[in-house]
$ cat entry.pdb   # PDB, N, CA and C atoms, pLDDT in the B column
ATOM      1  N   MET S   1     -20.108   9.006  17.316  1.00 38.00           N
ATOM      2  CA  MET S   1     -20.183   8.472  15.973  1.00 38.00           C
ATOM      3  C   MET S   1     -18.980   7.566  15.724  1.00 38.00           C
ATOM      4  N   ARG S   2     -19.235   6.390  15.151  1.00 50.00           N
ATOM      5  CA  ARG S   2     -18.163   5.434  14.878  1.00 50.00           C
ATOM      6  C   ARG S   2     -17.508   5.727  13.549  1.00 50.00           C
ATOM      7  N   LYS S   3     -16.241   5.369  13.478  1.00 62.00           N
ATOM      8  CA  LYS S   3     -15.526   5.510  12.208  1.00 62.00           C
ATOM      9  C   LYS S   3     -16.090   4.519  11.208  1.00 62.00           C
ATOM     10  N   LYS S   4     -16.097   4.932   9.965  1.00 73.00           N
ATOM     11  CA  LYS S   4     -16.590   4.070   8.899  1.00 73.00           C
ATOM     12  C   LYS S   4     -15.671   2.853   8.742  1.00 73.00           C
ATOM     13  N   GLU S   5     -16.289   1.702   8.533  1.00 86.00           N
ATOM     14  CA  GLU S   5     -15.534   0.463   8.345  1.00 86.00           C
ATOM     15  C   GLU S   5     -14.700   0.540   7.067  1.00 86.00           C
ATOM     16  N   ILE S   6     -13.460   0.072   7.148  1.00 89.00           N
ATOM     17  CA  ILE S   6     -12.576   0.041   5.979  1.00 89.00           C
ATOM     18  C   ILE S   6     -13.008  -1.113   5.079  1.00 89.00           C
ATOM     19  N   PRO S   7     -13.239  -0.855   3.795  1.00 92.00           N
ATOM     20  CA  PRO S   7     -13.653  -1.937   2.883  1.00 92.00           C
ATOM     21  C   PRO S   7     -12.582  -3.022   2.752  1.00 92.00           C
ATOM     22  N   GLN S   8     -13.032  -4.252   2.519  1.00 92.00           N
ATOM     23  CA  GLN S   8     -12.118  -5.378   2.361  1.00 92.00           C
ATOM     24  C   GLN S   8     -11.157  -5.146   1.206  1.00 92.00           C
ATOM     25  N   SER S   9     -11.601  -4.485   0.155  1.00 92.00           N
ATOM     26  CA  SER S   9     -10.733  -4.238  -1.008  1.00 92.00           C
ATOM     27  C   SER S   9      -9.515  -3.401  -0.626  1.00 92.00           C
ATOM     28  N   VAL S  10      -9.684  -2.468   0.296  1.00 93.00           N
ATOM     29  CA  VAL S  10      -8.563  -1.654   0.759  1.00 93.00           C
ATOM     30  C   VAL S  10      -7.572  -2.522   1.533  1.00 93.00           C
ATOM     31  N   LYS S  11      -8.100  -3.427   2.337  1.00 94.00           N
ATOM     32  CA  LYS S  11      -7.244  -4.342   3.093  1.00 94.00           C
ATOM     33  C   LYS S  11      -6.491  -5.270   2.150  1.00 94.00           C
ATOM     34  N   ASP S  12      -7.171  -5.713   1.078  1.00 95.00           N
ATOM     35  CA  ASP S  12      -6.533  -6.593   0.095  1.00 95.00           C
ATOM     36  C   ASP S  12      -5.388  -5.887  -0.628  1.00 95.00           C
ATOM     37  N   VAL S  13      -5.604  -4.625  -1.002  1.00 96.00           N
ATOM     38  CA  VAL S  13      -4.544  -3.858  -1.667  1.00 96.00           C
ATOM     39  C   VAL S  13      -3.351  -3.702  -0.724  1.00 96.00           C
ATOM     40  N   GLY S  14      -3.622  -3.400   0.528  1.00 96.00           N
ATOM     41  CA  GLY S  14      -2.542  -3.283   1.516  1.00 96.00           C
ATOM     42  C   GLY S  14      -1.759  -4.572   1.666  1.00 96.00           C
ATOM     43  N   ALA S  15      -2.472  -5.690   1.694  1.00 96.00           N
ATOM     44  CA  ALA S  15      -1.804  -6.995   1.799  1.00 96.00           C
ATOM     45  C   ALA S  15      -0.959  -7.266   0.557  1.00 96.00           C
ATOM     46  N   ASN S  16      -1.441  -6.860  -0.602  1.00 97.00           N
ATOM     47  CA  ASN S  16      -0.674  -7.045  -1.836  1.00 97.00           C
ATOM     48  C   ASN S  16       0.599  -6.197  -1.827  1.00 97.00           C
ATOM     49  N   ILE S  17       0.491  -4.968  -1.355  1.00 97.00           N
ATOM     50  CA  ILE S  17       1.671  -4.100  -1.255  1.00 97.00           C
ATOM     51  C   ILE S  17       2.702  -4.753  -0.334  1.00 97.00           C
ATOM     52  N   LYS S  18       2.242  -5.221   0.807  1.00 97.00           N
ATOM     53  CA  LYS S  18       3.126  -5.871   1.779  1.00 97.00           C
ATOM     54  C   LYS S  18       3.791  -7.103   1.170  1.00 97.00           C
ATOM     55  N   ALA S  19       3.012  -7.910   0.446  1.00 97.00           N
ATOM     56  CA  ALA S  19       3.537  -9.131  -0.172  1.00 97.00           C
ATOM     57  C   ALA S  19       4.581  -8.811  -1.241  1.00 97.00           C
ATOM     58  N   ILE S  20       4.348  -7.773  -2.034  1.00 97.00           N
ATOM     59  CA  ILE S  20       5.299  -7.394  -3.091  1.00 97.00           C
ATOM     60  C   ILE S  20       6.599  -6.901  -2.466  1.00 97.00           C
ATOM     61  N   ILE S  21       6.494  -6.116  -1.412  1.00 97.00           N
ATOM     62  CA  ILE S  21       7.689  -5.632  -0.716  1.00 97.00           C
ATOM     63  C   ILE S  21       8.507  -6.821  -0.204  1.00 97.00           C
ATOM     64  N   LYS S  22       7.829  -7.801   0.389  1.00 97.00           N
ATOM     65  CA  LYS S  22       8.521  -8.980   0.910  1.00 97.00           C
ATOM     66  C   LYS S  22       9.113  -9.809  -0.227  1.00 97.00           C
ATOM     67  N   GLU S  23       8.309 -10.029  -1.279  1.00 96.00           N
ATOM     68  CA  GLU S  23       8.747 -10.838  -2.423  1.00 96.00           C
ATOM     69  C   GLU S  23       9.982 -10.251  -3.102  1.00 96.00           C
ATOM     70  N   LYS S  24      10.015  -8.925  -3.210  1.00 97.00           N
ATOM     71  CA  LYS S  24      11.135  -8.255  -3.872  1.00 97.00           C
ATOM     72  C   LYS S  24      12.264  -7.918  -2.903  1.00 97.00           C
ATOM     73  N   ASN S  25      12.077  -8.307  -1.628  1.00 97.00           N
ATOM     74  CA  ASN S  25      13.085  -8.062  -0.595  1.00 97.00           C
ATOM     75  C   ASN S  25      13.449  -6.576  -0.498  1.00 97.00           C
ATOM     76  N   LEU S  26      12.409  -5.738  -0.487  1.00 97.00           N
ATOM     77  CA  LEU S  26      12.589  -4.290  -0.398  1.00 97.00           C
ATOM     78  C   LEU S  26      12.434  -3.837   1.052  1.00 97.00           C
ATOM     79  N   LYS S  27      12.922  -2.660   1.335  1.00 97.00           N
ATOM     80  CA  LYS S  27      12.752  -2.039   2.640  1.00 97.00           C
ATOM     81  C   LYS S  27      11.562  -1.091   2.572  1.00 97.00           C
ATOM     82  N   VAL S  28      10.693  -1.158   3.583  1.00 97.00           N
ATOM     83  CA  VAL S  28       9.504  -0.309   3.609  1.00 97.00           C
ATOM     84  C   VAL S  28       9.893   1.163   3.524  1.00 97.00           C
ATOM     85  N   ARG S  29      10.945   1.538   4.220  1.00 97.00           N
ATOM     86  CA  ARG S  29      11.346   2.951   4.211  1.00 97.00           C
ATOM     87  C   ARG S  29      11.787   3.403   2.827  1.00 97.00           C
ATOM     88  N   HIS S  30      12.425   2.505   2.063  1.00 97.00           N
ATOM     89  CA  HIS S  30      12.849   2.875   0.710  1.00 97.00           C
ATOM     90  C   HIS S  30      11.646   3.018  -0.218  1.00 97.00           C
ATOM     91  N   VAL S  31      10.686   2.123  -0.084  1.00 97.00           N
ATOM     92  CA  VAL S  31       9.469   2.217  -0.898  1.00 97.00           C
ATOM     93  C   VAL S  31       8.734   3.507  -0.552  1.00 97.00           C
ATOM     94  N   ALA S  32       8.616   3.811   0.729  1.00 98.00           N
ATOM     95  CA  ALA S  32       7.947   5.044   1.155  1.00 98.00           C
ATOM     96  C   ALA S  32       8.660   6.260   0.566  1.00 98.00           C
ATOM     97  N   HIS S  33       9.973   6.278   0.636  1.00 97.00           N
ATOM     98  CA  HIS S  33      10.742   7.396   0.087  1.00 97.00           C
ATOM     99  C   HIS S  33      10.519   7.528  -1.415  1.00 97.00           C
ATOM    100  N   ASP S  34      10.616   6.403  -2.126  1.00 97.00           N
ATOM    101  CA  ASP S  34      10.448   6.424  -3.580  1.00 97.00           C
ATOM    102  C   ASP S  34       9.034   6.830  -3.991  1.00 97.00           C
ATOM    103  N   ALA S  35       8.060   6.532  -3.132  1.00 97.00           N
ATOM    104  CA  ALA S  35       6.666   6.886  -3.418  1.00 97.00           C
ATOM    105  C   ALA S  35       6.313   8.270  -2.877  1.00 97.00           C
ATOM    106  N   ASP S  36       7.296   8.944  -2.285  1.00 97.00           N
ATOM    107  CA  ASP S  36       7.102  10.269  -1.687  1.00 97.00           C
ATOM    108  C   ASP S  36       6.019  10.236  -0.603  1.00 97.00           C
ATOM    109  N   LEU S  37       6.115   9.208   0.251  1.00 96.00           N
ATOM    110  CA  LEU S  37       5.168   9.028   1.344  1.00 96.00           C
ATOM    111  C   LEU S  37       5.892   9.006   2.674  1.00 96.00           C
ATOM    112  N   ASP S  38       5.175   9.354   3.699  1.00 95.00           N
ATOM    113  CA  ASP S  38       5.659   9.178   5.062  1.00 95.00           C
ATOM    114  C   ASP S  38       5.636   7.670   5.351  1.00 95.00           C
ATOM    115  N   ILE S  39       6.647   7.162   6.010  1.00 97.00           N
ATOM    116  CA  ILE S  39       6.737   5.728   6.261  1.00 97.00           C
ATOM    117  C   ILE S  39       5.535   5.214   7.059  1.00 97.00           C
ATOM    118  N   GLU S  40       5.046   6.015   8.001  1.00 97.00           N
ATOM    119  CA  GLU S  40       3.891   5.589   8.794  1.00 97.00           C
ATOM    120  C   GLU S  40       2.628   5.532   7.942  1.00 97.00           C
ATOM    121  N   ALA S  41       2.499   6.433   6.974  1.00 96.00           N
ATOM    122  CA  ALA S  41       1.350   6.380   6.061  1.00 96.00           C
ATOM    123  C   ALA S  41       1.394   5.088   5.254  1.00 96.00           C
ATOM    124  N   LEU S  42       2.563   4.732   4.733  1.00 97.00           N
ATOM    125  CA  LEU S  42       2.692   3.496   3.973  1.00 97.00           C
ATOM    126  C   LEU S  42       2.360   2.291   4.854  1.00 97.00           C
ATOM    127  N   ARG S  43       2.801   2.317   6.084  1.00 97.00           N
ATOM    128  CA  ARG S  43       2.494   1.205   6.996  1.00 97.00           C
ATOM    129  C   ARG S  43       0.989   1.093   7.252  1.00 97.00           C
ATOM    130  N   ARG S  44       0.302   2.235   7.371  1.00 96.00           N
ATOM    131  CA  ARG S  44      -1.162   2.210   7.556  1.00 96.00           C
ATOM    132  C   ARG S  44      -1.840   1.639   6.311  1.00 96.00           C
ATOM    133  N   TYR S  45      -1.345   2.010   5.124  1.00 96.00           N
ATOM    134  CA  TYR S  45      -1.894   1.457   3.883  1.00 96.00           C
ATOM    135  C   TYR S  45      -1.682  -0.051   3.836  1.00 96.00           C
ATOM    136  N   MET S  46      -0.478  -0.500   4.178  1.00 96.00           N
ATOM    137  CA  MET S  46      -0.153  -1.920   4.150  1.00 96.00           C
ATOM    138  C   MET S  46      -1.020  -2.712   5.138  1.00 96.00           C
ATOM    139  N   ALA S  47      -1.330  -2.106   6.259  1.00 96.00           N
ATOM    140  CA  ALA S  47      -2.140  -2.762   7.288  1.00 96.00           C
ATOM    141  C   ALA S  47      -3.630  -2.707   6.964  1.00 96.00           C
ATOM    142  N   GLY S  48      -3.986  -1.976   5.904  1.00 93.00           N
ATOM    143  CA  GLY S  48      -5.393  -1.849   5.542  1.00 93.00           C
ATOM    144  C   GLY S  48      -6.167  -0.968   6.495  1.00 93.00           C
ATOM    145  N   LYS S  49      -5.480  -0.022   7.121  1.00 93.00           N
ATOM    146  CA  LYS S  49      -6.117   0.851   8.103  1.00 93.00           C
ATOM    147  C   LYS S  49      -6.462   2.229   7.544  1.00 93.00           C
ATOM    148  N   GLN S  50      -6.019   2.501   6.310  1.00 93.00           N
ATOM    149  CA  GLN S  50      -6.271   3.812   5.721  1.00 93.00           C
ATOM    150  C   GLN S  50      -6.544   3.663   4.229  1.00 93.00           C
ATOM    151  N   ILE S  51      -7.548   4.376   3.763  1.00 93.00           N
ATOM    152  CA  ILE S  51      -7.906   4.354   2.346  1.00 93.00           C
ATOM    153  C   ILE S  51      -6.939   5.255   1.580  1.00 93.00           C
ATOM    154  N   MET S  52      -6.473   4.756   0.420  1.00 92.00           N
ATOM    155  CA  MET S  52      -5.530   5.500  -0.420  1.00 92.00           C
ATOM    156  C   MET S  52      -6.248   6.169  -1.574  1.00 92.00           C
ATOM    157  N   GLY S  53      -5.754   7.331  -1.944  1.00 94.00           N
ATOM    158  CA  GLY S  53      -6.220   7.980  -3.158  1.00 94.00           C
ATOM    159  C   GLY S  53      -5.502   7.382  -4.361  1.00 94.00           C
ATOM    160  N   ILE S  54      -6.040   7.609  -5.535  1.00 95.00           N
ATOM    161  CA  ILE S  54      -5.446   7.059  -6.750  1.00 95.00           C
ATOM    162  C   ILE S  54      -4.020   7.561  -6.940  1.00 95.00           C
ATOM    163  N   ASP S  55      -3.740   8.792  -6.570  1.00 96.00           N
ATOM    164  CA  ASP S  55      -2.384   9.318  -6.700  1.00 96.00           C
ATOM    165  C   ASP S  55      -1.397   8.529  -5.849  1.00 96.00           C
ATOM    166  N   LYS S  56      -1.830   8.134  -4.664  1.00 96.00           N
ATOM    167  CA  LYS S  56      -0.960   7.331  -3.788  1.00 96.00           C
ATOM    168  C   LYS S  56      -0.746   5.937  -4.368  1.00 96.00           C
ATOM    169  N   LEU S  57      -1.821   5.345  -4.897  1.00 96.00           N
ATOM    170  CA  LEU S  57      -1.706   4.022  -5.509  1.00 96.00           C
ATOM    171  C   LEU S  57      -0.727   4.036  -6.673  1.00 96.00           C
ATOM    172  N   VAL S  58      -0.812   5.068  -7.498  1.00 97.00           N
ATOM    173  CA  VAL S  58       0.087   5.186  -8.648  1.00 97.00           C
ATOM    174  C   VAL S  58       1.533   5.314  -8.184  1.00 97.00           C
ATOM    175  N   SER S  59       1.780   6.160  -7.195  1.00 97.00           N
ATOM    176  CA  SER S  59       3.159   6.354  -6.737  1.00 97.00           C
ATOM    177  C   SER S  59       3.709   5.115  -6.031  1.00 97.00           C
ATOM    178  N   ILE S  60       2.865   4.381  -5.312  1.00 97.00           N
ATOM    179  CA  ILE S  60       3.313   3.143  -4.665  1.00 97.00           C
ATOM    180  C   ILE S  60       3.646   2.102  -5.728  1.00 97.00           C
ATOM    181  N   ALA S  61       2.786   1.968  -6.729  1.00 97.00           N
ATOM    182  CA  ALA S  61       3.041   1.002  -7.810  1.00 97.00           C
ATOM    183  C   ALA S  61       4.360   1.318  -8.505  1.00 97.00           C
ATOM    184  N   LYS S  62       4.615   2.591  -8.789  1.00 97.00           N
ATOM    185  CA  LYS S  62       5.881   2.988  -9.429  1.00 97.00           C
ATOM    186  C   LYS S  62       7.064   2.654  -8.531  1.00 97.00           C
ATOM    187  N   ALA S  63       6.933   2.943  -7.234  1.00 97.00           N
ATOM    188  CA  ALA S  63       8.022   2.662  -6.292  1.00 97.00           C
ATOM    189  C   ALA S  63       8.299   1.166  -6.194  1.00 97.00           C
ATOM    190  N   LEU S  64       7.256   0.352  -6.369  1.00 97.00           N
ATOM    191  CA  LEU S  64       7.416  -1.102  -6.319  1.00 97.00           C
ATOM    192  C   LEU S  64       7.859  -1.679  -7.656  1.00 97.00           C
ATOM    193  N   GLY S  65       7.766  -0.882  -8.715  1.00 97.00           N
ATOM    194  CA  GLY S  65       8.144  -1.357 -10.045  1.00 97.00           C
ATOM    195  C   GLY S  65       7.140  -2.331 -10.632  1.00 97.00           C
ATOM    196  N   VAL S  66       5.843  -2.109 -10.319  1.00 97.00           N
ATOM    197  CA  VAL S  66       4.786  -2.972 -10.842  1.00 97.00           C
ATOM    198  C   VAL S  66       3.700  -2.118 -11.489  1.00 97.00           C
ATOM    199  N   GLU S  67       2.900  -2.754 -12.347  1.00 96.00           N
ATOM    200  CA  GLU S  67       1.727  -2.088 -12.897  1.00 96.00           C
ATOM    201  C   GLU S  67       0.681  -1.974 -11.792  1.00 96.00           C
ATOM    202  N   ILE S  68      -0.093  -0.919 -11.841  1.00 95.00           N
ATOM    203  CA  ILE S  68      -1.050  -0.659 -10.753  1.00 95.00           C
ATOM    204  C   ILE S  68      -2.060  -1.792 -10.577  1.00 95.00           C
ATOM    205  N   GLU S  69      -2.425  -2.466 -11.665  1.00 95.00           N
ATOM    206  CA  GLU S  69      -3.435  -3.530 -11.536  1.00 95.00           C
ATOM    207  C   GLU S  69      -2.955  -4.696 -10.668  1.00 95.00           C
ATOM    208  N   ILE S  70      -1.635  -4.853 -10.548  1.00 95.00           N
ATOM    209  CA  ILE S  70      -1.081  -5.913  -9.691  1.00 95.00           C
ATOM    210  C   ILE S  70      -1.498  -5.687  -8.228  1.00 95.00           C
ATOM    211  N   LEU S  71      -1.665  -4.431  -7.840  1.00 95.00           N
ATOM    212  CA  LEU S  71      -2.054  -4.129  -6.456  1.00 95.00           C
ATOM    213  C   LEU S  71      -3.467  -4.597  -6.156  1.00 95.00           C
ATOM    214  N   PHE S  72      -4.277  -4.801  -7.197  1.00 93.00           N
ATOM    215  CA  PHE S  72      -5.680  -5.183  -7.009  1.00 93.00           C
ATOM    216  C   PHE S  72      -5.923  -6.674  -7.207  1.00 93.00           C
ATOM    217  N   LYS S  73      -4.863  -7.433  -7.505  1.00 89.00           N
ATOM    218  CA  LYS S  73      -5.037  -8.871  -7.754  1.00 89.00           C
ATOM    219  C   LYS S  73      -5.566  -9.573  -6.510  1.00 89.00           C
ATOM    220  N   LYS S  74      -6.507 -10.475  -6.747  1.00 79.00           N
ATOM    221  CA  LYS S  74      -7.040 -11.291  -5.657  1.00 79.00           C
ATOM    222  C   LYS S  74      -6.092 -12.445  -5.394  1.00 79.00           C
ATOM    223  N   THR S  75      -5.870 -12.749  -4.138  1.00 62.00           N
ATOM    224  CA  THR S  75      -4.974 -13.860  -3.798  1.00 62.00           C
ATOM    225  C   THR S  75      -5.751 -15.093  -3.406  1.00 62.00           C
TER     226      THR S  75
END
$ encode --input "entry.pdb" --output "structure tokens"
Amino acid sequence: MRKKEIPQSVKDVGANIKAIIKEKNLKVRHVAHDADLDIEALRRYMAGKQIMGIDKLVSIAKALGVEIEILFKKT
């Protein structure tokens, strides 16, 4: 059985997280710590390889200092 395809929206959110980290000149490890996440989990989210729960999205948005809707913006 094949793994279910990751939706494009999940990949877009990951790309937005990555872009915000770069734009704000943050360290991935600091964002992961502030969001109470394992650094590898955050990297999987950023790469669009893992689906996030709403609790993770909220904590990542707080760690980035942005409103959650910013993570869903289309580029």
$ closest_residue --input "entry.pdb" --among "S:Ala35, S:Val13, S:Ala19, S:Ala41" --to "Val58 (chain S)" --atoms "only N, CA and C atoms"
S:Ala35
$ atom_distance --input "entry.pdb" --atom1 "atom C of Ala47 (chain S)" --atom2 "atom N of Ala15 (chain S)"
6.2 Å
$ resolve_selection --input "entry.pdb" --expression "the PyMOL selection byres ((chain S and resi 61-68) around 8)" --output "PyMOL selection string"
chain S and resi 20-21+30-36+55-60+69-73
$ atom_distance --input "entry.pdb" --atom1 "atom C of Lys24 (chain S)" --atom2 "CA of Met46 (chain S)"
15.5 Å
$ atom_distance --input "entry.pdb" --atom1 "CA of Ile51 (chain S)" --atom2 "CA of Asn25 (chain S)"
24.6 Å
$ closest_residue --input "entry.pdb" --among "S:Lys4, S:Gly53, S:Asp38, S:Tyr45" --to "Ile17 (chain S)" --atoms "all atoms listed in the file"
S:Tyr45
$ build_atoms --input "entry.pdb" --residues "region 22-43 of chain S" --atoms "N, CA, C and O atoms" --output "JSON list (two decimals), in the frame of the given file"
[["chain", "number", "residue", "atom", "x", "y", "z"],
["S", 22, "LYS", "N", 7.83, -7.80, 0.39],
["S", 22, "LYS", "CA", 8.52, -8.98, 0.91],
["S", 22, "LYS", "C", 9.11, -9.81, -0.23],
["S", 22, "LYS", "O", 10.27, -10.24, -0.17],
["S", 23, "GLU", "N", 8.31, -10.03, -1.28],
["S", 23, "GLU", "CA", 8.75, -10.84, -2.42],
["S", 23, "GLU", "C", 9.98, -10.25, -3.10],
["S", 23, "GLU", "O", 10.88, -10.98, -3.50],
["S", 24, "LYS", "N", 10.02, -8.93, -3.21],
["S", 24, "LYS", "CA", 11.14, -8.26, -3.87],
["S", 24, "LYS", "C", 12.26, -7.92, -2.90],
["S", 24, "LYS", "O", 13.25, -7.30, -3.28],
["S", 25, "ASN", "N", 12.08, -8.31, -1.63],
["S", 25, "ASN", "CA", 13.08, -8.06, -0.60],
["S", 25, "ASN", "C", 13.45, -6.58, -0.50],
["S", 25, "ASN", "O", 14.61, -6.21, -0.44],
["S", 26, "LEU", "N", 12.41, -5.74, -0.49],
["S", 26, "LEU", "CA", 12.59, -4.29, -0.40],
["S", 26, "LEU", "C", 12.43, -3.84, 1.05],
["S", 26, "LEU", "O", 11.87, -4.54, 1.88],
["S", 27, "LYS", "N", 12.92, -2.66, 1.34],
["S", 27, "LYS", "CA", 12.75, -2.04, 2.64],
["S", 27, "LYS", "C", 11.56, -1.09, 2.57],
["S", 27, "LYS", "O", 11.43, -0.31, 1.63],
["S", 28, "VAL", "N", 10.69, -1.16, 3.58],
["S", 28, "VAL", "CA", 9.50, -0.31, 3.61],
["S", 28, "VAL", "C", 9.89, 1.16, 3.52],
["S", 28, "VAL", "O", 9.28, 1.94, 2.80],
["S", 29, "ARG", "N", 10.94, 1.54, 4.22],
["S", 29, "ARG", "CA", 11.35, 2.95, 4.21],
["S", 29, "ARG", "C", 11.79, 3.40, 2.83],
["S", 29, "ARG", "O", 11.56, 4.55, 2.45],
["S", 30, "HIS", "N", 12.42, 2.50, 2.06],
["S", 30, "HIS", "CA", 12.85, 2.88, 0.71],
["S", 30, "HIS", "C", 11.65, 3.02, -0.22],
["S", 30, "HIS", "O", 11.61, 3.94, -1.04],
["S", 31, "VAL", "N", 10.69, 2.12, -0.08],
["S", 31, "VAL", "CA", 9.47, 2.22, -0.90],
["S", 31, "VAL", "C", 8.73, 3.51, -0.55],
["S", 31, "VAL", "O", 8.28, 4.23, -1.45],
["S", 32, "ALA", "N", 8.62, 3.81, 0.73],
["S", 32, "ALA", "CA", 7.95, 5.04, 1.16],
["S", 32, "ALA", "C", 8.66, 6.26, 0.57],
["S", 32, "ALA", "O", 8.01, 7.16, 0.03],
["S", 33, "HIS", "N", 9.97, 6.28, 0.64],
["S", 33, "HIS", "CA", 10.74, 7.40, 0.09],
["S", 33, "HIS", "C", 10.52, 7.53, -1.42],
["S", 33, "HIS", "O", 10.25, 8.62, -1.91],
["S", 34, "ASP", "N", 10.62, 6.40, -2.13],
["S", 34, "ASP", "CA", 10.45, 6.42, -3.58],
["S", 34, "ASP", "C", 9.03, 6.83, -3.99],
["S", 34, "ASP", "O", 8.83, 7.38, -5.07],
["S", 35, "ALA", "N", 8.06, 6.53, -3.13],
["S", 35, "ALA", "CA", 6.67, 6.89, -3.42],
["S", 35, "ALA", "C", 6.31, 8.27, -2.88],
["S", 35, "ALA", "O", 5.18, 8.72, -3.00],
["S", 36, "ASP", "N", 7.30, 8.94, -2.28],
["S", 36, "ASP", "CA", 7.10, 10.27, -1.69],
["S", 36, "ASP", "C", 6.02, 10.24, -0.60],
["S", 36, "ASP", "O", 5.13, 11.08, -0.56],
["S", 37, "LEU", "N", 6.12, 9.21, 0.25],
["S", 37, "LEU", "CA", 5.17, 9.03, 1.34],
["S", 37, "LEU", "C", 5.89, 9.01, 2.67],
["S", 37, "LEU", "O", 7.06, 8.64, 2.75],
["S", 38, "ASP", "N", 5.18, 9.35, 3.70],
["S", 38, "ASP", "CA", 5.66, 9.18, 5.06],
["S", 38, "ASP", "C", 5.64, 7.67, 5.35],
["S", 38, "ASP", "O", 4.70, 6.98, 4.97],
["S", 39, "ILE", "N", 6.65, 7.16, 6.01],
["S", 39, "ILE", "CA", 6.74, 5.73, 6.26],
["S", 39, "ILE", "C", 5.54, 5.21, 7.06],
["S", 39, "ILE", "O", 5.03, 4.12, 6.81],
["S", 40, "GLU", "N", 5.05, 6.02, 8.00],
["S", 40, "GLU", "CA", 3.89, 5.59, 8.79],
["S", 40, "GLU", "C", 2.63, 5.53, 7.94],
["S", 40, "GLU", "O", 1.78, 4.67, 8.15],
["S", 41, "ALA", "N", 2.50, 6.43, 6.97],
["S", 41, "ALA", "CA", 1.35, 6.38, 6.06],
["S", 41, "ALA", "C", 1.39, 5.09, 5.25],
["S", 41, "ALA", "O", 0.38, 4.39, 5.12],
["S", 42, "LEU", "N", 2.56, 4.73, 4.73],
["S", 42, "LEU", "CA", 2.69, 3.50, 3.97],
["S", 42, "LEU", "C", 2.36, 2.29, 4.85],
["S", 42, "LEU", "O", 1.68, 1.36, 4.42],
["S", 43, "ARG", "N", 2.80, 2.32, 6.08],
["S", 43, "ARG", "CA", 2.49, 1.20, 7.00],
["S", 43, "ARG", "C", 0.99, 1.09, 7.25],
["S", 43, "ARG", "O", 0.45, -0.01, 7.35]]
